Amino acid sequence: MWGRRRGAGPGGGAEELRARRREREAALRKARREQQLVSKRLLREDEAERGQDGAERAVLDPVLQGEVSELLRGVQRGSEDRRGWLRRLRRALQSKETQQEFVRLDGAVRTLVGLFTCSLPDVQLEAARCLHELSHSSDAAVAEACVPVTSYLLTYLSGHSIELMELCLYTLGNLVVESEVVRKKLLPQGIIPVLASCIQSPHEAVLEGLGYVLSQLLQAKEAPAEIIPLVLDSVLPQHMLRLVCSGLKFGTGAAVEFAWCLHYIVCSHTANVELMSLGAVPALTSLLCDIASEISPSDSEGLELLICPVLRCLGNLLAEETGREAQPQDERLLVALFIIMHCYLQQHPFLIPESLWLLNNLTADEPFFCSALLSMDLLPALLQLLPHSQTVSTLVLTVLCNIAEKGPAYCQQLHQQAALPLLLHVLVVPDPEVVGQCLELLHLLFLHWPQVAADFVKQGGHQTLEQHQSTPELQERVRVLLEMALQPLGASAFSSSSTALSTFSQMT
Amino acid sequence: MPLSVLRRRLRGHPPLPPVPPPARALPRPPFAFSPRRLRLGPRHPLFEDGDVQRHLYLREALTGRAEEAERPRVSEFCCHISGCSQVFDTLEGYEHHYNTLHRSVCSFCRRSFPSGHLLDIHISEWHDSLFQIMAEKQNMYKCLVEGCAEKFKSSKDRKDHLVTVHLYPADFRFDRPKKVKSGAKHVSCPTEYDGSMLMDVSVETSEQLQADHMEVVPSESMEVPQPTASTSGPEKRLYKSSWQRDACTLSLSHLRCQRGPSNRNLTPLFVHGVTVIPGSAKDPIHNLLWTGCHPRI
């Protein structure tokens with residue numbers, strides 16, 4: 001079971017929420033560009049903290065040093081109400097300063113570790129929750145202070161208590177993403193074999209947590225060299241694939257995590273032979289088709305973060321040398337892509353460029369997909385995306401170029417299906433990169449199907465072209481296109497045989 | 001194109017007869033286009049938006065497990081393991097208790113372990129006489145780390161391996177060698193997991209916890225962390241002499257009325273997560289176990 005945190009509490013109108021979300025997105029974008037994008041999960045409901053003993057959000061204020069010591073003493077000493085002390089400590093540990101204070105106190109982490117490994121289940125859980133709060137710290141020093149607990153986190157993962165295992169998994173995932181020191185400890189401690197055992201658990205909560213740890217591990221900078229080989233050596237890849245592909249029916253939360261894991265593995269380009277031998281491409285293709293047959297524009301929420309990494313995996317796997325052979329010529333994938341783009345255009349437009357990139361990789365070298373796109377009447381849907389954004393326009397034009405490049409029959413189809421008027425619109429877009437791609441397309445169309453040139457002129461296209469004659473990156477191509485378009489009418493009577501075409505091109 | 005039409009296409013469509021691909025012509029300058037499959041690395045700008053959404057999700061996602069205060073309550077019930085009288089009012093609480101204390105229990109000495117793996121190792125090393133015999137001739141002590149197939153001549157060698165190769169802490173709690181010395185009056189077995197018992201109520205008195213965690217060394221049994229094993233057989237563990245002595249340090253602040261059918265007139269003490277029912281008549285074994293363990297209040 002998974003979902004999004006509900007809103008931001010009282011007083012958040014819809015517009016305010018959107019504004020706050022945009023701010024957060026902007027901050028994340030900036031962090032990504034600086035290669036500092038680290039996020040963690042927290043197993044805590046904000047609402048539950050409020051009013052537990054009347055104390056409200058005040059606990060988020062950093063606790064003074066004296067108070068932190070007092071909490072520690074209470075936890076160490078109080079045989080009565082140790083749980084209560086631990087709960088108080090946990091709330092205090094929600095603040096970054098308190099986290100930092102706490103780990104600096106002599107014996108503090110040691111105490112927590114001792115309680116975490118004690119034989120009283122309730123105390124153990126409360127101590128685990130405190131450790132989990134510590135793991136959420138954005139200070140690497142706090143994560144490193146938790147190193148003494150790692151072997152125990154792994155020990156309990158071989159155990160049976162679901163609740164404890166879930167806490168251990170998310171705590172591990174948080175620690176692992178924060179600090180290389182922690183990772184260097186965990187790998188020799190045997191984290192990968194432990195995770196490989198856990199992945200056979202039937203419990204959704206455990207699987208989702210497991211996916212989370214793996215996804216954090218696999219993003220490490222040393223992952224391609226040190227972590228991915230270990231993962232490939234285990235049973236993890238086949239189970240990950242299985243769990244991703246069954247994610248539509250059950251365990252969507254886990255499927256999302258494992259899909260991102262697969263994406264990180266595929267991106268590293270060290271494992272794709274193995275993944276393909278496991279049948280990743282047909283399996284993921286099937287999954288996309290299944291998803292596409294379930295979604296609609298009004299009912300698509302929740303799957304976008306599963307679709308996104310699957311698109312990326314397919315896109316990169318198909319770009320491999322051996323990718324072409326692995327791809328069954330299954331036109332349903334095309335249909336699935338268009339359905340996905342149609343359903344998510346409004347709510348989650350981030351999927352559009354990624355789908356188009358996959359479409360490029362399908363159509364670049366395979367006439368099969370180009371002809372399928374045309375014969376299944378998907379061209380209008382593609383053309384409709386042209387005015388969307390700079391990135392999307394460029395990608396659409398690239399796919400159209402892929403199709404046009406396949407030869408006269410394809411260009412004829414493109415022309416018959418009314419591509420030209422829309423291309424004329426693209427020519428006036430104030431973006432040289434987009435216009436440049438459009439020029440490439442026009443070139444291919446003029447080359448293979450001269451009728452296009454004639455109609456281009458009839459519709460005043462040459463005048464539009466002339467507007468770009470002074471743009472440096474476009475000049476040369478504009479000049480050549482104008483020549484092609486305005487040459488004597490006799491040229492348009494040429495047959496479309498390739499010899500005639502080559503003669504034609506020698507003349508220009 | 002209507003979605004319904006597209007969906008129908010998903011169910012299959014006779015493929016077109018393949019058109020033979022034309023010979024790939026080289027691009028003609030100044031035109032540069034050539035179809036290319038693109039490989040994108042993890043930090044490619046095209047992935048930026050998707051990554052941002054993924055990270056927003058990570059920061060906001062809930063899991064299905066509610067906070068303790070919010071869990072659905074059921075009517076109180078008792079742990080069904082003979083001798084354990086812990087009471088629960090949530091299923092999650094019971095699940096954790098059961099899996100922690102009763103799941104991997106050694107049937108010889110009643111110690112419980114965090115995992116089946118550690119239990120198996122314990123049984124073979126502590127209770128299998130054949131093990132000792134074979135250990136004289138070959139390496140029998142298995143590495144505790146799952147996935148590591150190494151075996152060692154002695155517990156100490158194994159520990160060294162755990163510390164040097166697997167970077168385990170030197171005082172790893174679940175690697176306590178069997179101590180042979182006998183006659184320890186003060187049975188300490190402090191915070192050890194495997195020392196804690198279903199029935200063992202003297203577990204985790206404050207003094208013991210303190211000793212272990214703060215490294216204050218009050219007695220000989222608190223030396224760096226070799227446990228005293230249960231020396232005089234299983235029964236002795238159940239009647240910890242320290243129970244009576246330490247009774248006054250136990251918290252009496254939690255009194256709960258157990259509403260089970262057979263204990264209507266009893267007021268149990270709720271101490272450290274274990275309910276003690278003085279003189280409960282639940283079953284003969286229970287009586288036997290509790291004789292002599294009444295807290296002196």
# chains A, B, ... in the order shown; residues from 1 in each chain; ligands from 1
$ interface_residues --of "chain A" --to "chain B" --cutoff "6 Å" --atoms "only C-alpha atoms" --output "MDAnalysis selection string"
chainID A and resid 1:5 28 39 41 79:80 111 118:119 121 158:161 188:189 193 267 316 319 332 350 361 364 402 477
$ write_last_selection --atoms "C-alpha atoms" --output "mmCIF file, in the first residue's frame"
data_model
loop_
_atom_site.group_PDB
_atom_site.id
_atom_site.type_symbol
_atom_site.label_atom_id
_atom_site.label_comp_id
_atom_site.auth_asym_id
_atom_site.auth_seq_id
_atom_site.Cartn_x
_atom_site.Cartn_y
_atom_site.Cartn_z
ATOM 1 C CA MET A 1 0.000 0.000 0.000
ATOM 2 C CA TRP A 2 1.392 3.294 -0.923
ATOM 3 C CA GLY A 3 0.255 6.752 -1.651
ATOM 4 C CA ARG A 4 1.107 10.363 -1.402
ATOM 5 C CA ARG A 5 1.087 12.389 1.751
ATOM 6 C CA LEU A 28 14.967 19.617 -6.706
ATOM 7 C CA SER A 39 16.023 12.105 -1.147
ATOM 8 C CA ARG A 41 11.892 8.181 2.834
ATOM 9 C CA SER A 79 13.339 1.009 33.491
ATOM 10 C CA GLU A 80 9.941 2.455 34.098
ATOM 11 C CA THR A 111 22.710 3.054 24.086
ATOM 12 C CA CYS A 118 17.394 -5.997 23.405
ATOM 13 C CA SER A 119 14.874 -8.696 23.962
ATOM 14 C CA PRO A 121 9.919 -6.181 21.518
ATOM 15 C CA SER A 158 16.883 -12.302 8.239
ATOM 16 C CA GLY A 159 14.221 -12.420 10.899
ATOM 17 C CA HIS A 160 10.488 -12.482 10.760
ATOM 18 C CA SER A 161 8.913 -9.390 12.221
ATOM 19 C CA PRO A 188 31.351 -6.636 3.267
ATOM 20 C CA GLN A 189 28.713 -7.163 5.958
ATOM 21 C CA PRO A 193 22.901 -11.677 0.013
ATOM 22 C CA CYS A 267 21.797 3.219 -17.219
ATOM 23 C CA ASN A 316 18.197 2.280 -23.219
ATOM 24 C CA ALA A 319 19.741 1.418 -27.877
ATOM 25 C CA ARG A 332 1.258 -3.065 -29.700
ATOM 26 C CA PHE A 350 7.043 14.703 -18.099
ATOM 27 C CA ASN A 361 14.743 4.344 -30.646
ATOM 28 C CA ALA A 364 15.389 4.846 -36.016
ATOM 29 C CA ASN A 402 13.259 8.584 -38.972
ATOM 30 C CA ARG A 477 20.188 24.472 -45.291
#
$ residues_around --residues "A:Ser69" --least-positions-apart "6" --cutoff "9 Å" --atoms "only C-alpha atoms" --output "JSON, numbers by chain"
{"A": [101, 102, 105, 108]}
$ residues_around --residues "A:Gln413" --least-positions-apart "2" --cutoff "10 Å" --atoms "only C-alpha atoms" --output "JSON, numbers by chain"
{"A": [371, 374, 375, 379, 403, 404, 408, 409, 410, 411, 415, 416, 417, 418, 419, 449]}
$ residues_around --residues "A:Ala27" --least-positions-apart "5" --cutoff "10 Å" --atoms "only C-alpha atoms" --output "MDAnalysis selection string"
(chainID A and resid 21:22 32 37) or (chainID B and resid 52)
$ write_last_selection --atoms "C-alpha atoms" --output "tab-separated table (two decimals), in the first residue's frame"
chain	number	residue	atom	x	y	z
A	21	ARG	CA	4.93	22.17	-5.07
A	22	ARG	CA	6.46	24.28	-7.82
A	32	ARG	CA	19.89	17.67	-9.67
A	37	LEU	CA	19.89	15.33	-5.48
B	52	VAL	CA	12.11	15.46	-9.91
$ residues_around --residues "stretch 139-153 of chain A" --least-positions-apart "6" --cutoff "10 Å" --atoms "only C-alpha atoms" --output "PyMOL selection string"
(chain A and resi 96-97+99-104+108-110+112-114+116-117+128+131-132+164-165+167-169+171-172+174-183+185-186+189-191) or (chain B and resi 114+145+166-169+172-174)
$ closest_residue --among "B:Met140, B:Thr90, B:Met134, B:His127" --to "B:Phe108" --atoms "only C-alpha atoms"
B:His127
